[in-house]
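Novice: Pasting a structure here, questions to come.
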Amino acid sequence: MAKEKSPRNKTLDITVDEGREYLDRCLKTGEADFAKEQNILNRTICGDTFEILPRLPRKFVDLLIVDPPYNLSKDYDGKKFNALNDEQYHAYTEKWVDLVKPLLKDNASLYVCCDWKTSLIVGTVLKKHFCLQNRITWQREKGRGAAANWKNGMEDIWFATNGGKYTFNLEAVKIRKKVIAPYRADGKPKDWEETADGNFRNTCPSNFWDDISIPYWSMPENTAHPTQKPEKLFAKLVLASSREGDVVLDPFAGSGTTSVVCKKLNRRYVGIEQNERYCVWCEKRLADAETDKSIQGYTDGVFWERNSCGLQNKAKSKQKEAGNGELFSDTTVY
């Protein structure tokens, strides 16, 4: 007998049969001409990404977000990925890179997720094909301890571009932090804001992110996917490296975090996922995003420090009273 979930447990884990209506919203192999943008934009394609990518339009992607299987043996709801040796995983990475590169616009950006073991391989492959810009390391918070090693609590995201010109919107991804010892000039706040809730400064983000919370059972965005990425994490990538209306491609969509974030932030998306159950979860989340545009940790155009939810809720209330939606700054191209 299945264990009944707590009313506070919001984890999405419905079966394909329970979510058949959502699976029916997905595109299947053979159902459409994938070479025509109008057929695939804002859709989830259910199928093998290595078979689908060659059929997509050339140079239609503004931003690529890739969260491929890490080089670990793992069961993805019945579809297993078996760990490879370094040479095999290098070839695996080269294979999907070769397929996505023709789809990117000349000024496109890309972000690739990986763990510490695969980071060296992924970085080497990306350097061969693209212009490497940076390596982001973010704190996962979760992770098992080890008796004879350091706990693995970090993951990497490589940032690369298809050329020397690309979009990077700094103002959209600044982090709001509390000012402990505020500096004043002529008696007035300098580079910080004085509010009834405290003193704050919007600071430039570095390539180390310690303000991310992994989705957990009481969060509406949480699913039963074993390697789900937080919406806040991908929101930073989307806001920094795309404009509203741009096309974002995720060839390993999983439970659909990239697509959901794009919908909430007014970008167009294409997600490819071979697992039918994960496609169901993706489409269910997209349906929920019709009425709920919120992203945990991101309020009123500002990324807040972790564990500052009380201040975020106050900002949300003020924003709701004013009747304002999310605020976005102009995009700068470098």
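In the structure tokens, chains take the letters A, B, ... in the order shown, each chain's residues start at 1, and ligands count up from 1 in the order shown.
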Using only C-alpha atoms, which protein or nucleic acid residues come within 7 Å of range 237-250 of chain A? Drop anything in the same chain fewer than 6 positions from it, and give the result as a list in words.
Specialist: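 Final neighbour list, sorted by chain and number: Val61, Asp62, Leu63, Leu64, Ile65, Val66, Ser109, Thr167, Phe168, Asn169, Leu170, Ala172, Val173, Thr258, Asn266, Arg267, Arg268, Tyr269, Val270, Gly271, Ile272 and Thr331 of chain A.
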Novice: Taking the DSSP assignment computed from this structure's backbone, write out as a VMD selection string all residues of range 178-299 of chain A that belong to helix (DSSP H, G or I).
Specialist: chain A and resid 231 to 241 257 to 264 276 to 288
Novice: What's the separation between CA of Thr124 in chain A and CA of Lys232 in chain A, in Å to one decimal place?
Specialist: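 Result for CA of Thr124 in chain A versus CA of Lys232 in chain A: 27.1 Å, one decimal.
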Novice: Choose the residue, out of A:Val260, A:Val100, A:Ala91, A:Val302, that has the smallest atom-to-atom separation from Asp288 in chain A; count only C-alpha atoms.
Specialist: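 Ranking A:Val260, A:Val100, A:Ala91, A:Val302 by distance to Asp288 in chain A, first place goes to A:Val260.
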Novice: Which of range 51-129 of chain A end up as strand (DSSP E) when DSSP is run on this backbone - answer as a list of chain:residue names?
Specialist: A:Val61, A:Asp62, A:Leu63, A:Leu64, A:Ile65, A:Val66, A:Lys74, A:Asp75, A:Tyr76, A:Lys79, A:Lys80, A:Phe81, A:Leu104, A:Lys105, A:Asp106, A:Asn107, A:Ala108, A:Ser109, A:Leu110, A:Tyr111, A:Val112, A:Cys113, A:Cys114
Novice: Filtering to C-alpha atoms, could you give me those residues as a PDB file, in the first residue's frame?
Specialist:
ATOM      1  CA  VAL A  61      18.843  29.257 -30.523  1.00  0.00           C
ATOM      2  CA  ASP A  62      19.810  32.338 -28.481  1.00  0.00           C
ATOM      3  CA  LEU A  63      20.660  30.469 -25.287  1.00  0.00           C
ATOM      4  CA  LEU A  64      21.519  26.823 -24.692  1.00  0.00           C
ATOM      5  CA  ILE A  65      21.209  25.297 -21.220  1.00  0.00           C
ATOM      6  CA  VAL A  66      22.517  21.743 -20.939  1.00  0.00           C
ATOM      7  CA  LYS A  74      21.988   6.260 -12.262  1.00  0.00           C
ATOM      8  CA  ASP A  75      18.449   5.082 -12.889  1.00  0.00           C
ATOM      9  CA  TYR A  76      16.217   7.778 -14.368  1.00  0.00           C
ATOM     10  CA  LYS A  79      16.105   4.536 -18.143  1.00  0.00           C
ATOM     11  CA  LYS A  80      19.617   3.829 -16.905  1.00  0.00           C
ATOM     12  CA  PHE A  81      22.791   5.771 -17.621  1.00  0.00           C
ATOM     13  CA  LEU A 104      23.141  28.218 -32.206  1.00  0.00           C
ATOM     14  CA  LYS A 105      23.027  31.785 -33.453  1.00  0.00           C
ATOM     15  CA  ASP A 106      26.389  33.493 -33.899  1.00  0.00           C
ATOM     16  CA  ASN A 107      25.871  35.531 -30.701  1.00  0.00           C
ATOM     17  CA  ALA A 108      24.403  32.658 -28.653  1.00  0.00           C
ATOM     18  CA  SER A 109      25.519  31.730 -25.151  1.00  0.00           C
ATOM     19  CA  LEU A 110      25.555  28.333 -23.471  1.00  0.00           C
ATOM     20  CA  TYR A 111      25.751  26.933 -19.963  1.00  0.00           C
ATOM     21  CA  VAL A 112      26.656  23.315 -19.227  1.00  0.00           C
ATOM     22  CA  CYS A 113      26.115  21.686 -15.826  1.00  0.00           C
ATOM     23  CA  CYS A 114      28.539  19.106 -14.462  1.00  0.00           C
TER      24      CYS A 114
END
Novice: If we count only C-alpha atoms and set the cut-off at 7 Å, which residues sit around range 192-207 of chain A, ignoring sequence neighbours fewer than 5 positions away in its own chain? Please answer as a ChimeraX atom specification.
Specialist: /A:135-137,173-179
Novice: Go ahead and write the residues just picked, N, CA and C atoms, as a tab-separated table (two decimals), in the first residue's frame.
Specialist:
chain	number	residue	atom	x	y	z
A	135	ARG	N	33.73	29.70	-15.33
A	135	ARG	CA	33.22	28.49	-14.69
A	135	ARG	C	32.55	28.89	-13.39
A	136	ILE	N	31.27	28.66	-13.31
A	136	ILE	CA	30.50	28.96	-12.11
A	136	ILE	C	30.51	27.73	-11.21
A	137	THR	N	30.73	27.95	-9.93
A	137	THR	CA	30.60	26.87	-8.95
A	137	THR	C	29.49	27.25	-7.99
A	173	VAL	N	20.88	40.30	-12.68
A	173	VAL	CA	21.31	39.18	-11.84
A	173	VAL	C	22.09	39.63	-10.60
A	174	LYS	N	21.95	40.89	-10.25
A	174	LYS	CA	22.59	41.33	-9.01
A	174	LYS	C	21.88	40.71	-7.80
A	175	ILE	N	22.63	40.55	-6.71
A	175	ILE	CA	22.12	39.91	-5.51
A	175	ILE	C	21.91	40.95	-4.42
A	176	ARG	N	20.76	40.89	-3.77
A	176	ARG	CA	20.48	41.83	-2.67
A	176	ARG	C	21.03	41.25	-1.38
A	177	LYS	N	21.94	41.99	-0.76
A	177	LYS	CA	22.57	41.54	0.48
A	177	LYS	C	22.42	42.61	1.56
A	178	LYS	N	22.40	42.13	2.79
A	178	LYS	CA	22.34	43.05	3.92
A	178	LYS	C	23.67	43.77	4.08
A	179	VAL	N	23.60	45.04	4.40
A	179	VAL	CA	24.80	45.83	4.65
A	179	VAL	C	25.02	45.88	6.16
Novice: Identify which of the residues A:Tyr70, A:Trp116, A:Tyr166, A:Phe234 lies closest to Asn82 in chain A, counting only C-alpha atoms when measuring atom-to-atom distances.
Specialist: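 When distances to Asn82 in chain A are compared using only C-alpha atoms, the smallest one comes from A:Tyr70.
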Novice: From the list A:Asn149, A:Cys26, A:Glu94, A:Ile295, which residue is nearest Ile121 in chain A when using only C-alpha atoms?
Specialist: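 The shortest atom-to-atom distance to Ile121 in chain A comes from A:Glu94.
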Novice: Compile the contact shell of Gln274 in chain A as a count of residues only: residues with an atom at most 12 Å away, counting only C-alpha atoms, same-chain residues fewer than 5 positions apart removed.
Specialist: 28
Novice: Provide the CA of Gly164 in chain A to CA of Gly123 in chain A distance in Å, to one decimal place.
Specialist: 17.8 Å
Novice: Could you state the separation of CA of Ser259 in chain A and CA of Thr118 in chain A in Å, given to one decimal place?
Specialist: 24.5 Å
